[in-house]
Structures are given as structure tokens and as C-alpha cells.
$ cat query.txt   # compact mmCIF, C-alpha atoms
# COMPACT_ATOMS: atom_id res chain seq x y z
CA MET A 1464 21.74 35.63 -54.71
CA SER A 1465 20.56 37.62 -57.65
CA ASP A 1466 23.65 39.56 -58.48
CA VAL A 1467 24.46 40.87 -61.92
CA SER A 1468 26.85 38.01 -62.56
CA VAL A 1469 24.44 35.29 -61.53
CA MET A 1470 21.54 36.79 -63.43
CA SER A 1471 23.38 37.32 -66.67
CA THR A 1472 25.22 34.02 -66.77
CA ALA A 1473 22.10 32.13 -65.80
CA SER A 1474 20.04 33.70 -68.54
CA GLY A 1475 22.89 33.60 -71.06
CA CYS A 1476 21.19 36.29 -73.06
CA HIS A 1477 22.97 38.31 -75.70
CA ILE A 1478 21.69 40.94 -78.06
CA PHE A 1479 22.13 38.88 -81.24
CA SER A 1480 21.18 35.52 -79.82
CA GLY A 1481 17.54 36.34 -80.23
CA CYS A 1482 16.43 36.80 -76.66
CA GLY A 1483 15.31 40.05 -75.08
CA TYR A 1484 17.08 42.16 -72.51
CA PRO A 1485 16.68 40.49 -69.12
CA ALA A 1486 15.70 43.72 -67.41
CA PRO A 1487 16.26 43.87 -63.67
CA SER A 1488 13.07 44.21 -61.71
CA ILE A 1489 11.74 44.19 -58.20
CA GLU A 1490 12.38 40.44 -58.29
CA ASN A 1491 16.05 41.24 -57.76
CA PHE A 1492 15.18 42.51 -54.31
CA TYR A 1493 13.69 39.26 -53.10
CA PHE A 1494 15.93 36.54 -51.79
CA ARG A 1495 15.50 32.90 -50.99
CA PRO A 1496 15.89 32.24 -47.29
CA ILE A 1497 19.38 31.02 -46.50
CA PHE A 1498 18.10 29.20 -43.44
CA THR A 1499 15.25 29.52 -40.96
CA VAL A 1500 15.46 30.11 -37.24
CA GLY A 1501 12.28 29.31 -35.36
CA GLY A 1502 10.04 30.02 -38.33
CA ILE A 1503 11.84 33.25 -39.22
CA ALA A 1504 13.46 33.10 -42.63
CA ILE A 1505 16.98 34.50 -42.66
CA THR A 1506 17.71 36.10 -46.02
CA LYS A 1507 20.68 37.97 -47.41
CA PRO A 1508 19.55 41.44 -46.22
CA VAL A 1509 19.12 40.14 -42.67
CA VAL A 1510 22.62 38.68 -42.74
CA LEU A 1511 23.92 42.00 -44.10
CA ALA A 1512 22.26 43.98 -41.32
CA VAL A 1513 23.75 41.73 -38.66
CA LEU A 1514 27.10 41.93 -40.43
CA ALA A 1515 26.91 45.73 -40.47
CA ALA A 1516 26.21 45.80 -36.73
CA ALA A 1517 29.08 43.37 -36.13
CA ILE A 1518 31.51 45.42 -38.23
CA ILE A 1519 30.66 48.59 -36.30
CA LEU A 1520 30.90 46.83 -32.94
CA VAL A 1521 34.26 45.27 -33.72
CA PHE A 1522 35.65 48.43 -35.29
CA PHE A 1523 34.78 50.73 -32.41
CA TYR A 1524 35.79 48.13 -29.86
CA VAL A 1525 39.22 47.81 -31.45
CA ALA A 1526 39.48 51.58 -31.89
CA PHE A 1527 38.66 52.55 -28.31
CA ARG A 1528 39.78 49.44 -26.40
CA LYS A 1529 42.85 51.15 -24.99
CA PRO A 1530 42.35 54.83 -25.73
CA LYS A 1531 45.49 56.94 -25.70
CA VAL A 1532 45.79 60.70 -25.45
CA VAL A 1533 47.66 60.78 -28.73
CA PRO A 1534 45.56 58.52 -30.96
CA ARG A 1535 47.25 56.10 -33.33
CA GLY A 1536 46.09 53.70 -35.99
CA THR A 1537 42.52 52.47 -35.62
CA GLN A 1538 41.82 54.86 -32.76
CA ASN A 1539 42.73 57.73 -35.06
CA LEU A 1540 40.21 56.53 -37.64
CA GLY A 1541 37.55 55.96 -35.01
CA GLU A 1542 38.03 59.42 -33.56
CA LEU A 1543 37.86 60.90 -37.03
CA GLY A 1544 34.49 59.24 -37.55
CA VAL A 1545 33.05 60.18 -34.19
CA LEU A 1546 34.30 63.77 -34.42
CA PHE A 1547 32.89 64.11 -37.92
CA VAL A 1548 29.46 63.05 -36.68
CA ARG A 1549 29.75 65.34 -33.66
CA ASP A 1550 30.89 68.46 -35.48
CA GLN A 1551 29.20 68.15 -38.86
CA ILE A 1552 25.92 66.54 -37.85
CA LEU A 1553 25.07 66.76 -34.16
CA ARG A 1554 26.40 70.17 -33.14
CA GLN A 1555 25.05 71.76 -36.30
CA GLN A 1556 21.58 71.00 -35.00
CA LEU A 1557 21.84 70.78 -31.23
CA GLY A 1558 24.93 72.71 -30.24
CA ARG A 1559 27.03 71.54 -27.33
CA LYS A 1560 24.05 70.52 -25.23
CA GLY A 1561 23.42 67.73 -27.72
CA ASP A 1562 26.61 65.86 -26.94
CA LYS A 1563 24.78 63.38 -24.74
CA TYR A 1564 22.99 62.11 -27.84
CA LEU A 1565 26.29 61.50 -29.63
CA PRO A 1566 26.33 57.69 -29.15
CA PHE A 1567 22.85 57.41 -30.65
CA ILE A 1568 23.65 59.56 -33.69
CA VAL A 1569 27.03 57.88 -34.25
CA ALA A 1570 25.35 54.48 -34.17
CA ILE A 1571 22.61 55.59 -36.57
CA PHE A 1572 25.06 57.20 -38.98
CA PHE A 1573 27.50 54.30 -39.20
CA PHE A 1574 24.83 51.61 -39.26
CA VAL A 1575 23.02 53.26 -42.16
CA TRP A 1576 26.26 54.03 -43.96
CA ILE A 1577 27.66 50.50 -43.72
CA MET A 1578 24.34 49.00 -44.82
CA ASN A 1579 24.34 51.39 -47.79
CA LEU A 1580 27.97 50.63 -48.60
CA PHE A 1581 27.17 46.94 -49.06
CA SER A 1582 25.69 48.13 -52.35
CA LEU A 1583 29.22 48.57 -53.71
CA ILE A 1584 31.27 45.85 -52.07
CA PRO A 1585 32.08 43.10 -54.58
CA LEU A 1586 30.32 39.77 -54.03
CA ILE A 1587 27.88 41.41 -51.61
CA GLN A 1588 26.52 44.14 -53.90
CA PHE A 1589 23.25 44.64 -52.18
CA PRO A 1590 22.28 47.59 -49.96
CA ALA A 1591 20.35 46.21 -47.01
CA THR A 1592 18.64 49.60 -46.75
CA SER A 1593 16.91 49.03 -50.09
CA LYS A 1594 14.54 46.71 -48.24
CA ILE A 1595 11.91 49.00 -46.70
CA ALA A 1596 11.93 47.07 -43.42
CA PHE A 1597 15.34 48.40 -42.37
CA PRO A 1598 14.75 52.12 -43.00
CA ALA A 1599 11.26 51.75 -41.52
CA GLY A 1600 12.62 50.06 -38.41
CA LEU A 1601 15.28 52.73 -38.00
CA ALA A 1602 12.75 55.50 -38.57
CA PHE A 1603 10.52 53.93 -35.93
CA VAL A 1604 13.38 53.94 -33.44
CA VAL A 1605 14.07 57.61 -34.26
CA TRP A 1606 10.36 58.44 -33.98
CA VAL A 1607 10.01 56.85 -30.54
CA THR A 1608 13.24 58.54 -29.44
CA TYR A 1609 12.33 62.08 -30.38
CA ILE A 1610 8.80 61.83 -29.06
CA THR A 1611 10.09 60.43 -25.76
CA ILE A 1612 12.70 63.18 -25.52
CA GLY A 1613 10.07 65.80 -26.29
CA ILE A 1614 7.62 64.49 -23.71
CA ARG A 1615 10.33 64.24 -21.07
CA ALA A 1616 11.47 67.80 -21.79
CA LYS A 1617 8.06 69.48 -21.86
CA GLY A 1618 5.50 67.05 -20.51
CA PRO A 1619 2.89 65.40 -22.75
CA ILE A 1620 0.60 68.44 -23.06
CA GLY A 1621 3.36 70.95 -23.61
CA TYR A 1622 4.99 68.73 -26.18
CA PHE A 1623 1.88 68.10 -28.23
CA LYS A 1624 0.98 71.77 -28.03
CA ARG A 1625 4.41 72.53 -29.40
CA MET A 1626 3.92 69.92 -32.13
CA ALA A 1627 0.48 71.21 -33.10
CA VAL A 1628 0.72 74.98 -32.83
CA PRO A 1629 2.74 76.48 -35.66
CA GLU A 1630 5.10 79.31 -34.78
CA GLY A 1631 4.17 82.80 -35.84
CA ALA A 1632 0.69 82.02 -37.14
CA PRO A 1633 -2.19 84.33 -36.13
CA TRP A 1634 -4.78 82.65 -33.88
CA TRP A 1635 -7.72 82.79 -36.32
CA ILE A 1636 -6.02 80.54 -38.85
CA LEU A 1637 -4.94 77.94 -36.27
CA PRO A 1638 -7.92 75.57 -36.73
CA LEU A 1639 -6.84 75.14 -40.34
CA LEU A 1640 -3.10 74.95 -39.79
CA ALA A 1641 -2.76 73.05 -36.52
CA PRO A 1642 -3.87 69.69 -38.01
CA VAL A 1643 -1.31 70.06 -40.81
CA GLU A 1644 1.46 70.93 -38.36
CA LEU A 1645 0.61 68.00 -36.10
CA PHE A 1646 0.23 65.60 -39.01
CA SER A 1647 3.51 66.63 -40.58
CA ASN A 1648 5.41 66.52 -37.29
CA ILE A 1649 4.07 63.24 -36.00
CA LEU A 1650 3.26 61.15 -39.06
CA VAL A 1651 4.98 62.55 -42.15
CA ARG A 1652 8.39 62.84 -40.49
CA PRO A 1653 9.09 59.16 -39.79
CA PHE A 1654 7.43 58.22 -43.07
CA THR A 1655 9.59 60.51 -45.22
CA LEU A 1656 12.67 59.59 -43.21
CA ALA A 1657 12.21 55.93 -44.12
CA ILE A 1658 11.05 56.45 -47.70
CA ARG A 1659 13.91 58.82 -48.56
CA LEU A 1660 16.59 56.34 -47.55
CA PHE A 1661 14.80 53.32 -48.98
CA ALA A 1662 13.97 54.89 -52.36
CA ASN A 1663 17.45 56.29 -52.85
CA MET A 1664 19.12 52.97 -52.19
CA LEU A 1665 16.60 50.98 -54.22
CA SER A 1666 16.88 53.22 -57.27
CA GLY A 1667 20.67 53.34 -57.02
CA HIS A 1668 20.91 49.56 -56.90
CA LEU A 1669 18.45 49.22 -59.77
CA LEU A 1670 20.42 51.70 -61.86
CA LEU A 1671 23.65 49.78 -61.35
CA LEU A 1672 21.85 46.55 -62.24
CA VAL A 1673 20.46 48.02 -65.45
CA PHE A 1674 23.83 49.16 -66.76
CA GLY A 1675 25.79 46.24 -65.35
CA LEU A 1676 23.44 43.79 -67.07
CA ALA A 1677 23.38 45.84 -70.25
CA SER A 1678 27.14 45.79 -70.60
CA TRP A 1679 27.01 41.99 -70.46
CA TYR A 1680 23.93 41.68 -72.65
CA LEU A 1681 25.24 44.00 -75.39
CA PHE A 1682 28.67 42.41 -75.47
CA SER A 1683 29.57 40.96 -78.88
CA PHE A 1684 32.29 41.31 -81.48
CA SER A 1685 30.37 43.74 -83.63
CA ILE A 1686 28.90 47.19 -83.26
CA GLY A 1687 27.36 45.86 -80.04
CA LEU A 1688 30.81 46.15 -78.45
CA LEU A 1689 30.51 49.93 -78.61
CA PHE A 1690 27.18 49.88 -76.76
CA SER A 1691 28.60 47.45 -74.26
CA VAL A 1692 31.61 49.65 -73.54
CA THR A 1693 29.42 52.72 -73.17
CA SER A 1694 27.25 50.84 -70.75
CA PHE A 1695 30.28 49.65 -68.82
CA VAL A 1696 31.69 53.16 -68.54
CA LEU A 1697 28.31 54.32 -67.25
CA THR A 1698 28.35 51.52 -64.68
CA ILE A 1699 31.68 52.80 -63.40
CA ILE A 1700 30.52 56.43 -63.33
CA LEU A 1701 27.31 55.48 -61.55
CA THR A 1702 29.28 53.42 -59.05
CA GLY A 1703 31.19 56.61 -58.25
CA LEU A 1704 27.90 58.41 -57.83
CA GLU A 1705 26.67 55.64 -55.54
CA VAL A 1706 29.73 56.05 -53.31
CA LEU A 1707 28.63 59.64 -52.83
CA ILE A 1708 24.98 58.75 -52.30
CA THR A 1709 25.65 56.04 -49.71
CA ALA A 1710 27.47 58.58 -47.54
CA LEU A 1711 25.04 61.38 -48.31
CA GLN A 1712 21.95 59.38 -47.37
CA ALA A 1713 23.53 58.28 -44.10
CA PHE A 1714 24.46 61.90 -43.46
CA ILE A 1715 20.93 63.13 -44.17
CA PHE A 1716 19.39 60.41 -42.01
CA ALA A 1717 21.63 61.33 -39.07
CA THR A 1718 21.17 65.07 -39.64
CA LEU A 1719 17.40 64.79 -39.65
CA THR A 1720 17.48 62.57 -36.56
CA SER A 1721 19.41 65.22 -34.66
CA PHE A 1722 17.14 67.92 -36.07
CA TYR A 1723 14.07 66.10 -34.76
CA ILE A 1724 15.71 65.74 -31.35
CA ALA A 1725 16.65 69.45 -31.39
CA ASP A 1726 13.09 70.34 -32.37
CA ALA A 1727 11.70 68.21 -29.54
CA LEU A 1728 13.97 69.88 -27.00
CA GLU A 1729 13.40 73.43 -28.14
CA THR A 1730 11.71 75.58 -25.53
CA SER A 1731 11.29 79.15 -26.69
CA HIS A 1732 8.80 80.11 -29.34
CA MET E 762 27.25 76.78 -33.09
CA ASN E 763 25.02 78.41 -35.60
CA GLY E 764 21.44 77.84 -36.61
CA ARG E 765 19.57 75.51 -34.35
CA GLY E 766 22.22 75.67 -31.65
CA ALA E 767 20.85 78.89 -30.25
CA SER E 768 17.23 79.06 -29.21
CA LYS E 769 14.93 79.99 -32.02
CA GLY E 770 14.31 83.65 -31.34
CA GLU E 771 18.03 84.36 -31.30
CA ARG E 772 18.76 83.01 -34.74
CA ASP E 773 21.45 85.06 -36.41
CA PRO E 774 19.85 86.38 -39.63
CA SER E 775 23.25 86.59 -41.33
CA GLN E 776 23.68 82.84 -40.99
CA PRO E 777 22.10 80.59 -43.63
CA ARG E 778 19.29 78.36 -42.45
CA PRO E 779 20.36 74.77 -41.74
CA PRO E 780 19.55 72.31 -44.55
CA SER E 781 17.05 70.49 -42.36
CA GLU E 782 14.75 73.51 -42.74
CA GLY E 783 14.21 72.49 -46.33
CA TRP E 784 13.12 69.00 -45.30
CA ALA E 785 10.70 70.56 -42.82
CA TYR E 786 9.07 72.53 -45.66
CA LEU E 787 8.83 69.37 -47.77
CA SER E 788 7.17 67.60 -44.87
CA TYR E 789 4.60 70.42 -44.59
CA MET E 790 3.77 70.17 -48.29
CA ILE E 791 3.32 66.39 -48.15
CA GLY E 792 1.48 66.55 -44.83
CA GLY E 793 -0.89 69.31 -45.88
CA MET E 794 -1.83 67.67 -49.16
CA ALA E 795 -2.19 64.21 -47.66
CA LEU E 796 -4.26 65.33 -44.68
CA TYR E 797 -6.71 67.70 -46.38
CA GLY E 798 -6.70 65.52 -49.49
CA PHE E 799 -7.90 62.67 -47.31
CA VAL E 800 -10.52 64.87 -45.65
CA GLY E 801 -11.65 66.03 -49.09
CA TRP E 802 -11.82 62.46 -50.35
CA LEU E 803 -13.96 61.42 -47.38
CA ALA E 804 -16.23 64.41 -47.92
CA ALA E 805 -16.47 63.58 -51.64
CA ARG E 806 -17.52 60.03 -50.83
CA TRP E 807 -20.14 61.09 -48.34
CA THR E 808 -21.66 63.92 -50.35
CA GLY E 809 -21.18 62.42 -53.81
CA TRP E 810 -19.42 65.51 -55.09
CA PRO E 811 -16.08 64.32 -56.48
CA VAL E 812 -14.83 67.88 -56.83
CA LEU E 813 -14.33 68.06 -53.05
CA PHE E 814 -11.29 65.78 -53.33
CA PRO E 815 -9.12 68.15 -55.44
CA ILE E 816 -10.47 71.09 -53.44
CA GLY E 817 -9.25 69.36 -50.30
CA MET E 818 -5.83 68.80 -51.77
CA LEU E 819 -5.57 72.43 -52.84
CA ALA E 820 -6.68 73.59 -49.40
CA GLY E 821 -3.98 71.36 -47.90
CA LEU E 822 -1.36 72.78 -50.23
CA ALA E 823 -2.49 76.32 -49.40
CA SER E 824 -2.28 75.72 -45.65
CA ALA E 825 1.15 74.13 -46.08
CA ILE E 826 2.38 77.20 -47.95
CA ALA E 827 0.83 79.44 -45.28
CA LEU E 828 2.66 77.45 -42.59
CA ILE E 829 5.96 77.84 -44.41
CA ILE E 830 5.42 81.58 -44.85
CA PHE E 831 4.67 82.03 -41.13
CA ARG E 832 7.71 79.96 -40.24
CA VAL E 833 10.07 81.91 -42.50
CA THR E 834 8.83 85.40 -41.73
CA ARG E 835 8.66 84.83 -37.98
CA SER E 836 12.42 84.80 -37.47
$ encode --input "query.txt" --output "C-alpha cells"
Amino acid sequence: MSDVSVMSTASGCHIFSGCGYPAPSIENFYFRPIFTVGGIAITKPVVLAVLAAAIILVFFYVAFRKPKVVPRGTQNLGELGVLFVRDQILRQQLGRKGDKYLPFIVAIFFFVWIMNLFSLIPLIQFPATSKIAFPAGLAFVVWVTYITIGIRAKGPIGYFKRMAVPEGAPWWILPLLAPVELFSNILVRPFTLAIRLFANMLSGHLLLLVFGLASWYLFSFSIGLLFSVTSFVLTIILTGLEVLITALQAFIFATLTSFYIADALETSH
Amino acid sequence: MNGRGASKGERDPSQPRPPSEGWAYLSYMIGGMALYGFVGWLAARWTGWPVLFPIGMLAGLASAIALIIFRVTRS
């Protein structure tokens, strides 16, 4: 655990006690294995990912165990979530024909969102998505999915032709543009999908660490108190911002996933 | 359903483009620069002319912009 509390109390640093600011670094994103299973070290992010999956499973199981026509309680909340994903994310990209991909997009959205939200939950305070492995794994799943859907819809040749030939370009410029189109559709897409989520969550967590630590480090009964309070207020404001970003990044991830599926299915040029 | 819901040729021009279009443009810019930058870098190493590397990147950027222009003006 390298939370703000642990770090600051362990170092015991204060501004006038002569030691420097214990700046958070990439070290705060590495964890000691809690235990090992068959040579695989289980660390905090792994536990968080499993926890996120468990939370979603339990929540949706409870919500839709005995579905009623007039939803109440948990079912109401579950329907709200599913309908939000359907209307604001999936149908925006795919229209009604995309409804068969709803389970996939709902799972992606809530999994990413819960893993991001761990950034803000007291005592957990670590977004599992700020470890590149999780966004990369998810992006890989999305990548395989949209390529498979595209190949099944158009056949391998038709699909790669669609991926390589840009729309609306005159034929004489194709040799120059087709490689870029193919490269950006096949390789840049999963890469940016993973990096966007990972970098946003990493920087957000780092930002909270910087100000959280600073408000402890600057705390003293002198002018330092003013700096400390400023820092603390910023921590609170940035926490509010993080609430927004956790949801926004999950939304963007799910939106782009459905956009890639829509793009793979598209027939007319 | 607006935007991508309809097939591409039937896009309603009065409707704003979906936000994912913007990410597609970003992916062209990154892809173009990375791909032709890499080609330029290889060419620079083989020929010993370092100037080919930035030329490659610029060519990549130019083709990315061309792709975006074709994509926007088509519909």
C-alpha cells in the first residue's frame, strides 16, 4: 500500500523539519505482491480488478434476478445504467441494429468505470486502470472483437480493403494514403484506446497524490498552514474533477468501442 | 438515430458529426506521422541522410491531413 496516508506518516516529513518534499513518483504505482498463486504475484491492482468484476456481477445479478415489469429498487438502478449505455453510447454509434452488442458494451463501460472509481474510494484510492496492463488487455479484447465482427460481416478481403482504402480519395493518391489508413485503423486504434485511459487515470492519481501529500507536508502552525489549506482545498476540487473524469473516460472507452464495431459493420461507401 | 446509425452516404448534414469522428482524425495524425516517420527513419539510416527522417514525418502529417480532408468533404 502506498497511499497518501502511509507515505506521509512513514516519511514524517514537514516543511520546517528540514527534509524535502517527498514527491510522489512512479514508485507509487508499484505494489508488493500480497500473495502468489502458482508463481503469479497477486498485487493490489489485480485484487481491485477482480473486485470490480465481482461488484458488477453481484450488482447486475441482484438487479435482474427477478425482473418485474415495473422496476423497483436495485432493478431500477440497473435498468438506468443499462439504458444509459444503450441510448447514450451504443445507439449513438450503431443505431437499433447494434442492440445485440449491448451486453459487451455494458460490461466494458461498467468494468472500466468501477476500476476508475477505485481512485476515489477511501482506503482503496488506487485506479486499477492506471496500470497499463488493464487498459491494454481491454483494448486487445476490443481489437479482436471489432476485427472479428468486420471479417464476419465482409469477409477477410472485403474487410481489409475497407480498412485500407480511404473513402472519397482519388485513385492516384491511394498508394500514399492507403498505408496510413490501414496503419491507423489496425494499429493506432487499440494503442490510443489503451493509452488514453491509462494516461488519464495515471495523471489523475498522481495529481491527487501531489496535493494530498503537500497538504500534509506543508502543515504547521505558521504561515505554512495557509499553504497547507490551499493545497487541501485543491485536493478536494481535484477529487471532484476526478469524479467527472472516471465517468468520462469509461464513457469514451465504451463510445469508441461501439464506434469501432459500427465502422467494422458499415457496408456502403 | 443520428450520425452513424444511418449508412454513411445518408448522413444528415444538419446533424453534428458524432464525437468519435474527432478521435478518428487524431488517429490519422498519429498514424500518418508514426508510419512515414518510421519509413523516413529507416531511409535515413540506410542512405546516411538524416534529413529524410523529418521529411518522412512531414509527409506522414501531410497524408493524414489529406485523408481527413477527403473524409470530411466526401459526405
$ closest_atom_pairs --input "query.txt" --of "chain A" --to "chain E" --cutoff "8 Å" --atoms "all atoms listed in the file" --output "Markdown table"
| residue | atom | partner | partner_atom | distance |
| --- | --- | --- | --- | --- |
| A:Arg1554 | CA | E:Met762 | CA | 6.7 |
| A:Gln1555 | CA | E:Met762 | CA | 6.4 |
| A:Gln1556 | CA | E:Arg765 | CA | 5.0 |
| A:Leu1557 | CA | E:Gly766 | CA | 4.9 |
| A:Gly1558 | CA | E:Gly766 | CA | 4.3 |
| A:Arg1559 | CA | E:Gly766 | CA | 7.7 |
| A:Pro1629 | CA | E:Leu828 | CA | 7.0 |
| A:Glu1630 | CA | E:Arg832 | CA | 6.1 |
| A:Gly1631 | CA | E:Phe831 | CA | 5.4 |
| A:Ala1632 | CA | E:Phe831 | CA | 5.6 |
| A:Leu1639 | CA | E:Ser824 | CA | 7.0 |
| A:Leu1640 | CA | E:Ser824 | CA | 6.0 |
| A:Pro1642 | CA | E:Leu796 | CA | 8.0 |
| A:Val1643 | CA | E:Gly793 | CA | 5.1 |
| A:Glu1644 | CA | E:Tyr789 | CA | 7.0 |
| A:Phe1646 | CA | E:Gly792 | CA | 6.0 |
| A:Ser1647 | CA | E:Gly792 | CA | 4.7 |
| A:Asn1648 | CA | E:Ser788 | CA | 7.9 |
| A:Val1651 | CA | E:Gly792 | CA | 6.0 |
| A:Arg1652 | CA | E:Ser788 | CA | 6.6 |
| A:Thr1655 | CA | E:Ser788 | CA | 7.5 |
| A:Thr1718 | CA | E:Ser781 | CA | 7.3 |
| A:Leu1719 | CA | E:Ser781 | CA | 6.3 |
| A:Phe1722 | CA | E:Ser781 | CA | 6.8 |
| A:Ala1725 | CA | E:Arg765 | CA | 7.3 |
| A:Glu1729 | CA | E:Ser768 | CA | 6.9 |
| A:Thr1730 | CA | E:Ser768 | CA | 7.5 |
| A:Ser1731 | CA | E:Ser768 | CA | 6.5 |
| A:His1732 | CA | E:Lys769 | CA | 6.7 |
$ atom_distance --input "query.txt" --atom1 "atom CA of A:Pro1598" --atom2 "atom CA of A:Ala1512"
11.2 Å
$ atom_distance --input "query.txt" --atom1 "atom CA of A:Ile1699" --atom2 "atom CA of A:Phe1674"
9.3 Å
$ atom_distance --input "query.txt" --atom1 "atom CA of A:Phe1492" --atom2 "atom CA of A:Pro1590"
9.8 Å
